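Coordinates from upload.txt are shown below (compact mmCIF, C-alpha atoms).
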```txt
# COMPACT_ATOMS: atom_id res chain seq x y z
CA VAL F 1 1.62 10.10 12.07
CA SER F 2 5.27 11.05 11.89
CA THR F 3 7.59 10.76 8.92
CA GLN F 4 11.31 11.12 8.46
CA SER F 5 13.55 12.52 5.79
CA THR F 6 14.94 9.19 4.64
CA GLY F 7 12.68 6.37 3.58
CA PHE F 8 12.55 3.07 1.78
CA LEU F 9 9.69 2.68 -0.65
CA PHE F 10 8.45 -0.88 -0.73
CA ASP F 11 5.87 -1.15 -3.48
CA PRO F 12 4.55 -4.68 -3.28
CA GLY F 13 1.52 -4.14 -5.41
CA SER F 14 1.62 -2.14 -8.61
CA PRO F 15 -0.46 -1.26 -10.78
CA PRO F 16 1.49 1.92 -10.56
CA PHE F 17 -1.19 4.01 -8.94
CA ARG F 18 0.53 2.57 -5.86
CA ILE F 19 3.86 4.09 -6.69
CA PHE F 20 2.19 7.44 -7.19
CA LEU F 21 3.32 7.78 -3.61
CA LYS F 22 6.48 9.23 -5.10
CA THR F 23 4.77 12.38 -6.30
CA ASP F 24 3.13 12.87 -2.90
CA SER F 25 6.17 12.36 -0.74
CA ILE F 26 8.99 13.78 -2.83
CA GLN F 27 9.83 16.38 -0.17
CA LEU F 28 9.47 13.99 2.77
CA PHE F 29 11.20 10.82 1.68
CA GLN F 30 14.29 9.91 -0.24
CA ILE F 31 13.38 6.78 -2.14
CA LYS F 32 16.05 4.13 -1.63
CA GLY F 33 14.57 1.18 -3.49
CA VAL F 34 11.39 -0.28 -4.92
CA SER F 35 10.12 -3.85 -4.80
CA VAL F 36 7.27 -4.62 -7.17
CA PHE F 37 5.13 -7.61 -6.25
CA GLY F 38 2.88 -9.30 -8.78
CA GLY F 39 -0.13 -9.46 -6.50
CA ASN F 40 -2.70 -6.92 -7.63
CA SER F 41 -1.03 -6.47 -11.01
CA TYR F 42 0.91 -8.55 -13.47
CA LEU F 43 4.60 -8.30 -12.75
CA GLU F 44 6.00 -7.29 -16.18
CA PRO F 45 3.74 -4.28 -16.81
CA GLY F 46 3.99 -3.36 -13.13
CA LEU F 47 7.77 -3.14 -13.43
CA ASN F 48 7.56 -1.13 -16.66
CA ILE F 49 5.14 1.37 -15.18
CA THR F 50 7.10 1.74 -11.95
CA ARG F 51 10.34 2.52 -13.78
CA ARG F 52 8.67 4.93 -16.21
CA LEU F 53 6.84 6.67 -13.40
CA LEU F 54 10.02 7.15 -11.40
CA GLU F 55 11.66 8.65 -14.48
CA THR F 56 8.66 10.85 -15.28
CA VAL F 57 8.46 12.23 -11.77
CA GLY F 58 12.11 12.39 -10.77
CA GLN F 59 13.89 12.54 -14.11
CA GLN F 60 17.61 11.95 -13.43
CA ASP F 61 17.22 11.96 -9.65
CA PHE F 62 16.09 8.34 -9.58
CA VAL F 63 18.29 6.68 -12.18
CA ASN F 64 20.22 4.80 -9.49
CA ILE F 65 17.23 3.63 -7.44
CA PRO F 66 17.09 -0.17 -7.53
CA VAL F 67 13.79 -1.52 -8.84
CA GLY F 68 13.26 -5.26 -8.56
CA GLY F 69 10.47 -7.65 -9.38
CA SER F 70 9.54 -10.11 -6.68
CA SER F 71 9.98 -13.80 -7.43
CA LEU F 72 7.43 -14.69 -4.76
CA GLU F 73 3.82 -15.56 -5.45
CA PRO F 74 0.60 -14.53 -3.67
CA VAL F 75 -1.24 -17.20 -1.72
CA ASN F 76 -4.63 -15.91 -2.83
CA ASP F 77 -4.35 -14.17 -6.18
CA PHE F 78 -6.21 -10.97 -6.98
CA PRO F 79 -8.93 -11.27 -9.65
CA SER F 80 -7.51 -11.28 -13.18
CA ASP F 81 -9.78 -8.45 -14.37
CA TRP F 82 -8.30 -6.23 -11.65
CA LYS F 83 -4.75 -7.20 -12.63
CA HIS F 84 -5.34 -6.62 -16.36
CA VAL F 85 -5.53 -2.88 -15.68
CA SER F 86 -1.74 -2.89 -15.41
CA TYR F 87 -1.48 -3.70 -19.15
CA GLN F 88 -3.62 -0.67 -19.94
CA MET F 89 -1.49 1.57 -17.72
CA ASP F 90 1.68 0.31 -19.37
CA LEU F 91 0.44 1.89 -22.62
CA PHE F 92 -0.35 5.35 -21.23
CA PRO F 93 1.22 7.92 -23.60
CA SER F 94 2.04 10.02 -20.53
CA LEU F 95 4.36 7.19 -19.39
CA ASN F 96 5.88 6.43 -22.79
CA HIS F 97 7.48 9.71 -23.78
CA PHE F 98 11.03 8.40 -23.27
CA GLU F 99 12.75 6.50 -26.06
CA THR F 100 14.49 4.32 -23.49
CA MET F 101 14.06 3.90 -19.74
CA SER F 102 16.93 5.33 -17.69
CA VAL F 103 15.79 3.69 -14.45
CA PRO F 104 17.31 0.21 -14.72
CA LEU F 105 15.83 -3.08 -13.63
CA SER F 106 17.88 -4.54 -10.79
CA SER F 107 19.54 -7.92 -11.23
CA LEU F 108 18.20 -8.73 -7.76
CA THR F 109 14.69 -9.97 -7.15
CA GLY F 110 12.30 -7.55 -5.50
CA GLU F 111 12.48 -9.28 -2.14
CA GLU F 112 16.27 -9.08 -2.25
CA VAL F 113 16.18 -5.42 -3.30
CA LEU F 114 14.20 -4.78 -0.13
CA ALA F 115 16.45 -6.89 2.07
CA GLN F 116 19.79 -5.66 0.70
CA THR F 117 18.75 -2.01 0.71
CA LEU F 118 17.83 -2.29 4.37
CA LEU F 119 20.95 -4.25 5.31
CA SER F 120 23.32 -1.84 3.55
CA SER F 121 21.78 1.34 4.96
CA PRO F 122 23.81 3.14 7.67
CA VAL F 123 20.56 4.31 9.28
CA PRO F 124 17.17 2.63 9.81
CA LEU F 125 14.75 3.20 6.94
CA SER F 126 10.98 3.46 6.76
CA VAL F 127 9.18 0.73 4.86
CA ILE F 128 6.07 1.82 3.00
CA ALA F 129 3.99 -1.23 2.11
CA ILE F 130 1.01 -0.61 -0.14
CA GLY F 131 0.15 -4.14 -1.14
CA PRO F 132 0.62 -7.69 0.21
CA LEU F 133 3.36 -8.02 2.85
CA THR F 134 5.09 -10.96 1.13
CA ASP F 135 8.49 -9.38 0.44
CA LEU F 136 8.64 -7.73 3.86
CA ALA F 137 7.88 -11.04 5.58
CA TYR F 138 10.63 -12.65 3.48
CA ALA F 139 13.19 -10.12 4.70
CA LEU F 140 12.13 -10.34 8.34
CA THR F 141 12.19 -14.13 8.45
CA ARG F 142 15.36 -14.79 6.45
CA TYR F 143 17.71 -12.09 7.71
CA PRO F 144 18.07 -12.09 11.52
CA GLY F 145 18.63 -8.58 12.83
CA ILE F 146 17.16 -6.85 9.77
CA GLU F 147 14.33 -5.59 11.98
CA ASN F 148 16.86 -3.20 13.51
CA LYS F 149 17.30 -1.61 10.09
CA ILE F 150 13.63 -0.61 9.96
CA ASP F 151 12.51 2.62 11.63
CA LYS F 152 8.76 2.47 10.93
CA ILE F 153 6.39 0.45 8.78
CA PHE F 154 3.61 2.32 7.02
CA LEU F 155 1.10 -0.02 5.43
CA MET F 156 -2.24 0.01 3.68
CA GLY F 157 -4.09 -3.09 4.75
CA GLY F 158 -6.44 -4.69 7.21
CA ALA F 159 -9.81 -3.73 8.61
CA LEU F 160 -10.18 -2.77 12.27
CA PHE F 161 -13.67 -1.54 13.14
CA VAL F 162 -15.29 -2.19 9.76
CA ASP F 163 -16.00 -5.25 7.64
CA GLY F 164 -13.44 -6.69 5.24
CA ASN F 165 -13.75 -6.54 1.46
CA THR F 166 -12.83 -10.04 0.28
CA GLU F 167 -16.45 -10.91 -0.40
CA THR F 168 -15.73 -9.24 -3.76
CA GLY F 169 -13.47 -11.05 -6.18
CA ALA F 170 -12.28 -13.93 -4.01
CA SER F 171 -12.40 -17.32 -5.74
CA ASP F 172 -12.51 -19.26 -2.46
CA LYS F 173 -16.19 -19.31 -1.54
CA ASP F 174 -15.43 -20.75 1.90
CA ILE F 175 -13.96 -17.51 3.22
CA ASP F 176 -16.16 -15.29 5.37
CA GLY F 177 -15.19 -11.92 3.83
CA SER F 178 -13.81 -10.49 7.08
CA ALA F 179 -10.31 -9.84 5.70
CA GLU F 180 -9.01 -6.95 3.60
CA TRP F 181 -7.54 -7.88 0.20
CA ASN F 182 -3.88 -6.99 0.81
CA PHE F 183 -3.75 -9.15 3.94
CA TYR F 184 -5.89 -11.88 2.39
CA SER F 185 -3.59 -12.10 -0.64
CA ASP F 186 -0.85 -13.41 1.66
CA PRO F 187 -2.23 -14.00 5.17
CA GLU F 188 0.88 -15.94 6.18
CA ALA F 189 3.04 -12.91 5.38
CA ALA F 190 0.92 -10.59 7.52
CA TYR F 191 1.06 -13.21 10.27
CA GLU F 192 4.87 -13.34 10.03
CA VAL F 193 5.26 -9.56 10.11
CA TRP F 194 3.13 -9.41 13.26
CA ASN F 195 5.19 -12.26 14.80
CA SER F 196 8.53 -10.71 13.86
CA LYS F 197 11.04 -9.12 16.22
CA PHE F 198 10.44 -5.66 14.78
CA ASN F 199 9.64 -3.39 17.73
CA GLY F 200 9.04 -0.06 16.01
CA ASP F 201 5.77 1.57 15.05
CA ILE F 202 3.44 0.01 12.51
CA ILE F 203 1.20 2.78 11.15
CA MET F 204 -1.75 1.03 9.60
CA PHE F 205 -4.13 2.57 7.06
CA PRO F 206 -6.99 0.04 7.12
CA LEU F 207 -10.31 0.03 5.29
CA ASP F 208 -11.67 2.20 8.11
CA ALA F 209 -9.74 5.17 6.70
CA THR F 210 -9.80 4.39 2.99
CA SER F 211 -13.02 2.71 1.87
CA HIS F 212 -15.09 5.91 1.89
CA ILE F 213 -12.59 7.92 -0.20
CA ALA F 214 -13.85 7.35 -3.75
CA PRO F 215 -13.02 9.97 -6.40
CA SER F 216 -16.10 10.83 -8.46
CA LYS F 217 -16.20 11.13 -12.24
CA SER F 218 -16.70 14.89 -11.97
CA TYR F 219 -13.62 15.12 -9.75
CA ILE F 220 -11.48 13.14 -12.21
CA ARG F 221 -12.56 15.38 -15.10
CA GLN F 222 -11.05 18.37 -13.30
CA PHE F 223 -7.56 17.08 -14.09
CA GLY F 224 -8.26 17.83 -17.74
CA GLN F 225 -8.35 21.53 -16.83
CA LEU F 226 -4.76 21.30 -15.56
CA TYR F 227 -3.24 20.47 -18.94
CA PRO F 228 -0.59 20.83 -20.28
CA SER F 229 0.88 19.60 -16.97
CA PRO F 230 2.03 16.04 -17.77
CA LEU F 231 1.80 14.96 -14.14
CA ALA F 232 -1.76 16.25 -13.88
CA GLY F 233 -2.69 14.20 -16.91
CA LEU F 234 -0.95 11.16 -15.48
CA CYS F 235 -2.71 11.53 -12.14
CA GLY F 236 -6.07 11.88 -13.87
CA ASP F 237 -5.35 8.82 -15.99
CA PHE F 238 -4.56 6.74 -12.92
CA PHE F 239 -7.80 7.80 -11.25
CA ALA F 240 -9.75 7.17 -14.45
CA VAL F 241 -8.86 3.48 -14.72
CA THR F 242 -10.62 2.85 -11.41
CA VAL F 243 -13.96 3.61 -13.10
CA ASP F 244 -16.05 1.08 -14.96
CA ASN F 245 -18.87 1.87 -17.38
CA VAL F 246 -21.61 1.74 -14.79
CA THR F 247 -20.50 2.69 -11.33
CA GLU F 248 -18.57 5.45 -9.67
CA PRO F 249 -14.86 4.78 -8.97
CA ILE F 250 -13.75 2.29 -6.37
CA ALA F 251 -12.21 3.49 -3.12
CA ALA F 252 -8.80 5.14 -3.32
CA PHE F 253 -7.16 2.75 -0.80
CA ASP F 254 -3.36 3.11 -0.95
CA SER F 255 -3.25 6.67 -2.30
CA VAL F 256 -4.85 7.71 1.01
CA LEU F 257 -1.70 6.56 2.76
CA SER F 258 0.57 8.36 0.31
CA ALA F 259 -1.35 11.63 0.49
CA SER F 260 -1.44 11.47 4.30
CA LEU F 261 2.35 11.22 4.41
CA SER F 262 2.51 14.52 2.54
CA VAL F 263 -0.18 16.31 4.53
CA LYS F 264 -0.12 15.07 8.11
CA SER F 265 -3.21 17.09 9.03
CA MET F 266 -5.17 14.88 6.63
CA VAL F 267 -5.35 12.22 9.35
CA THR F 268 -8.26 13.23 11.57
CA LYS F 269 -8.58 10.13 13.76
CA TYR F 270 -6.18 7.45 14.86
CA GLU F 271 -6.00 5.03 17.73
CA TYR F 272 -3.49 2.73 19.37
CA VAL F 273 -5.01 -0.69 18.80
CA ASN F 274 -3.96 -4.17 19.92
CA THR F 275 -4.34 -6.54 17.01
CA THR F 276 -3.76 -10.12 15.91
CA ILE F 277 -3.72 -11.60 12.40
CA VAL F 278 -5.53 -14.81 11.44
CA ALA F 279 -3.28 -16.97 9.27
CA ASP F 280 -5.67 -19.64 8.00
CA GLY F 281 -9.26 -20.79 7.82
CA PRO F 282 -12.30 -18.86 6.55
CA SER F 283 -11.06 -15.64 8.22
CA GLN F 284 -7.50 -15.87 6.85
CA GLY F 285 -5.93 -12.43 6.63
CA ARG F 286 -8.38 -10.92 9.09
CA SER F 287 -6.98 -8.29 11.45
CA ILE F 288 -8.75 -8.78 14.78
CA VAL F 289 -8.92 -6.00 17.33
CA VAL F 290 -8.15 -7.51 20.71
CA ASN F 291 -8.76 -4.31 22.59
CA ALA F 292 -8.16 -0.64 21.84
CA SER F 293 -6.39 1.90 24.05
CA SER F 294 -7.71 5.44 24.11
CA SER F 295 -4.87 7.42 22.56
CA SER F 296 -6.25 9.21 19.54
CA SER F 297 -6.34 12.60 17.90
CA SER F 298 -10.11 12.28 17.91
CA PRO F 299 -11.18 9.48 20.25
CA SER F 300 -13.17 6.78 18.53
CA SER F 301 -16.39 5.66 20.12
CA SER F 302 -17.09 3.07 17.45
CA PRO F 303 -17.60 -0.43 18.77
CA SER F 304 -15.11 -2.97 17.50
CA SER F 305 -16.31 -5.33 14.81
CA SER F 306 -14.09 -7.92 16.51
CA SER F 307 -15.66 -8.66 19.86
CA PRO F 308 -13.60 -10.52 22.49
CA SER F 309 -15.82 -13.58 22.13
CA SER F 310 -15.51 -13.79 18.32
CA SER F 311 -11.77 -13.13 18.57
CA SER F 312 -11.32 -15.93 21.09
CA SER F 313 -13.41 -18.36 19.07
CA THR F 314 -11.47 -17.70 15.86
CA CYS F 315 -8.08 -18.01 17.52
CA ASP F 316 -9.10 -21.20 19.33
CA SER F 317 -9.76 -22.85 15.98
CA TYR F 318 -7.13 -21.27 13.71
CA ARG F 319 -3.62 -19.84 13.95
CA CYS F 320 -3.42 -16.25 15.15
CA SER F 321 -0.30 -14.13 15.46
CA LYS F 322 0.94 -12.64 18.68
CA VAL F 323 -0.89 -9.51 19.76
CA ARG F 324 0.79 -6.37 18.44
CA GLN F 325 -0.11 -2.75 19.09
CA VAL F 326 -0.40 -0.67 15.94
CA ILE F 327 -1.31 2.92 15.22
CA GLY F 328 -4.57 2.49 13.37
CA VAL F 329 -5.64 5.42 11.19
CA LEU F 330 -9.43 5.45 11.39
CA ASP F 331 -10.39 8.50 9.35
CA VAL F 332 -8.97 11.13 7.04
CA ASP F 333 -10.23 14.47 5.78
CA SER F 334 -11.70 13.57 2.39
CA ASP F 335 -11.95 17.20 1.25
CA LEU F 336 -8.26 17.70 1.98
CA TYR F 337 -7.42 14.48 0.15
CA PHE F 338 -9.18 15.55 -3.04
CA LYS F 339 -7.80 19.08 -2.85
CA HIS F 340 -4.28 17.77 -2.37
CA PHE F 341 -4.03 16.03 -5.74
CA LEU F 342 -5.56 18.92 -7.66
CA THR F 343 -3.42 21.63 -6.08
CA GLN F 344 -0.22 19.61 -6.39
CA PHE F 345 -0.35 19.83 -10.18
CA ALA F 346 -2.05 23.19 -10.66
```
Show me this structure written as structure tokens.
Amino acid sequence: VSTQSTGFLFDPGSPPFRIFLKTDSIQLFQIKGVSVFGGNSYLEPGLNITRRLLETVGQQDFVNIPVGGSSLEPVNDFPSDWKHVSYQMDLFPSLNHFETMSVPLSSLTGEEVLAQTLLSSPVPLSVIAIGPLTDLAYALTRYPGIENKIDKIFLMGGALFVDGNTETGASDKDIDGSAEWNFYSDPEAAYEVWNSKFNGDIIMFPLDATSHIAPSKSYIRQFGQLYPSPLAGLCGDFFAVTVDNVTEPIAAFDSVLSASLSVKSMVTKYEYVNTTIVADGPSQGRSIVVNASSSSSSPSSSPSSSSPSSSSSTCDSYRCSKVRQVIGVLDVDSDLYFKHFLTQFA
């Protein structure tokens, strides 16, 4: 997976663990703007955390980065108990050591921050989408030609050769659980991105590559040994809120994308995959593999969970996007992932 020196950070889904991408990719990307979408967090604390995190990590380097809150709403909202975590994060002492926030809140909405940053850039920018694709779909459908301002799209979302995860937390009991939450939150947006005129690479980090990366409690405790580093404490705090009182932490999801942008060798398997997105019905948000081409760093022999017959049946009954080839990341080196966060703050 290639990166470039100039990038646009599109953060459509704080809680701010998502924007922790900044600490991973500081040497690879120049952050040009941030859009915060109130999908898997509440918007107000998500904006606070994003601005404080940019200031904590970049100090004065990021004072002029536009940060906007999206005015758009998810189609299928994330569970409220997941979103409430953003209020806890907003109170982290490690994020509240400034008397005032130097990173201002843009007068533009988040979707317009994304659109205007792309339109005003002299060179195409990378879009890094680590939540629902709502704001990106807005830009692509309302500003003809804006697709030429995008170099690559990196996204965390979808499920290719594994099951979805919407059987957990979804209020609509008629869905079949085949979709991944970011795509399910706004299936129409994913559908529109796939149907857009953007012709560059979409590098997709689906559940295949992320669902098995779950930091353990013993791993999280190791960040305590890295004090007094404030960033180590902050990183440990972000990991810690993914743990409940009974189970081990949930999968890392979007931080897998961010870490992989920093350490390209972390990606151990990828494949060029032809995909379509289901826009409605019980499979809404599902990313269906139409067929896979054998171009991978470590060829996958896994059978597709989306057989041609099931794909055809779904798309005969419900709206499916045009078929688009993506670079699907299928596996990452978990040992390298865990080592990366610890060594970065040592």
From the list F:Trp181, F:His97, F:Asp151, F:Asp135, the nearest residue to Ser121 (chain F) using all atoms listed in the file is F:Asp151
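Coordinates place CA of Ser334 (chain F) at a distance of 22.7 Å from CA of Val273 (chain F).
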I need the residue nearest Tyr87 (chain F) from this list: F:Tyr42, F:Tyr191, F:Phe341, F:Tyr272. Use all atoms listed in the file for the distance.
F:Tyr42
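Each of F:Gly285, F:Pro124, F:Pro74, F:Pro206 was checked against Trp194 (chain F) using all atoms listed in the file; the smallest atom-to-atom distance is that of F:Gly285.
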For Pro93 (chain F), find every residue with an atom within 10 Å (counting all atoms listed in the file), except residues of its own chain fewer than 4 positions away, and show them as an NGL selection string.
:F and (89 or 97-98 or 233-234)
Dump as a short mmCIF file (atom, residue, chain, number, x, y, z; two decimals), in the frame of the given file, selection limited to C-alpha atoms:
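In the end it all went to part_34.cif:
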```cif
data_model
loop_
_atom_site.label_atom_id
_atom_site.label_comp_id
_atom_site.auth_asym_id
_atom_site.auth_seq_id
_atom_site.Cartn_x
_atom_site.Cartn_y
_atom_site.Cartn_z
CA MET F 89 -1.49 1.57 -17.72
CA HIS F 97 7.48 9.71 -23.78
CA PHE F 98 11.03 8.40 -23.27
CA GLY F 233 -2.69 14.20 -16.91
CA LEU F 234 -0.95 11.16 -15.48
#
```
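In terms of minimum interatomic distance to Val67 (chain F), F:Ser102 ranks closest within F:Ser171, F:Ser102, F:Ser80, F:Thr275, counting all atoms listed in the file.
Across the model, the gap from CA of Gly145 (chain F) to CA of Glu271 (chain F) is 28.6 Å.
Considering all atoms listed in the file, the residue among F:Phe338, F:Phe239, F:Tyr270, F:Phe37 positioned nearest to Phe205 (chain F) is F:Tyr270.
Taking CA of Lys173 (chain F) as the reference point, CA of Ala129 (chain F) is found at 27.3 Å.
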Which residues come within 9 Å of Gly200 (chain F), counting only C-alpha atoms, excluding same-chain residues fewer than 4 positions away, as a PDB file with C-alpha atoms, keeping the file's coordinate frame?
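Result written to result_5.pdb:
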```
ATOM      1  CA  GLU F 147      14.330  -5.590  11.980  1.00  0.00           C
ATOM      2  CA  ASN F 148      16.860  -3.200  13.510  1.00  0.00           C
ATOM      3  CA  ILE F 150      13.630  -0.610   9.960  1.00  0.00           C
ATOM      4  CA  ASP F 151      12.510   2.620  11.630  1.00  0.00           C
ATOM      5  CA  LYS F 152       8.760   2.470  10.930  1.00  0.00           C
ATOM      6  CA  ILE F 153       6.390   0.450   8.780  1.00  0.00           C
TER       7      ILE F 153
END
```
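Minimum atom-to-atom distance to Val267 (chain F), evaluated using all atoms listed in the file, belongs to F:Leu330 out of F:Leu119, F:Leu207, F:Leu95, F:Leu330.
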Would you list the residues near (6.2, -1.8, -19.3), meaning any protein, DNA or RNA residue with an atom at most 9 Å from that point in file coordinates, counting all atoms listed in the file, as a ChimeraX atom specification?
/F:44-52,86-87,89-91,96
Got a sec: who's within 7 Å of Val162 (chain F), counting all atoms listed in the file, leaving out chain neighbours fewer than 2 positions off, as a ChimeraX atom specification?
/F:159-160,164,208,305
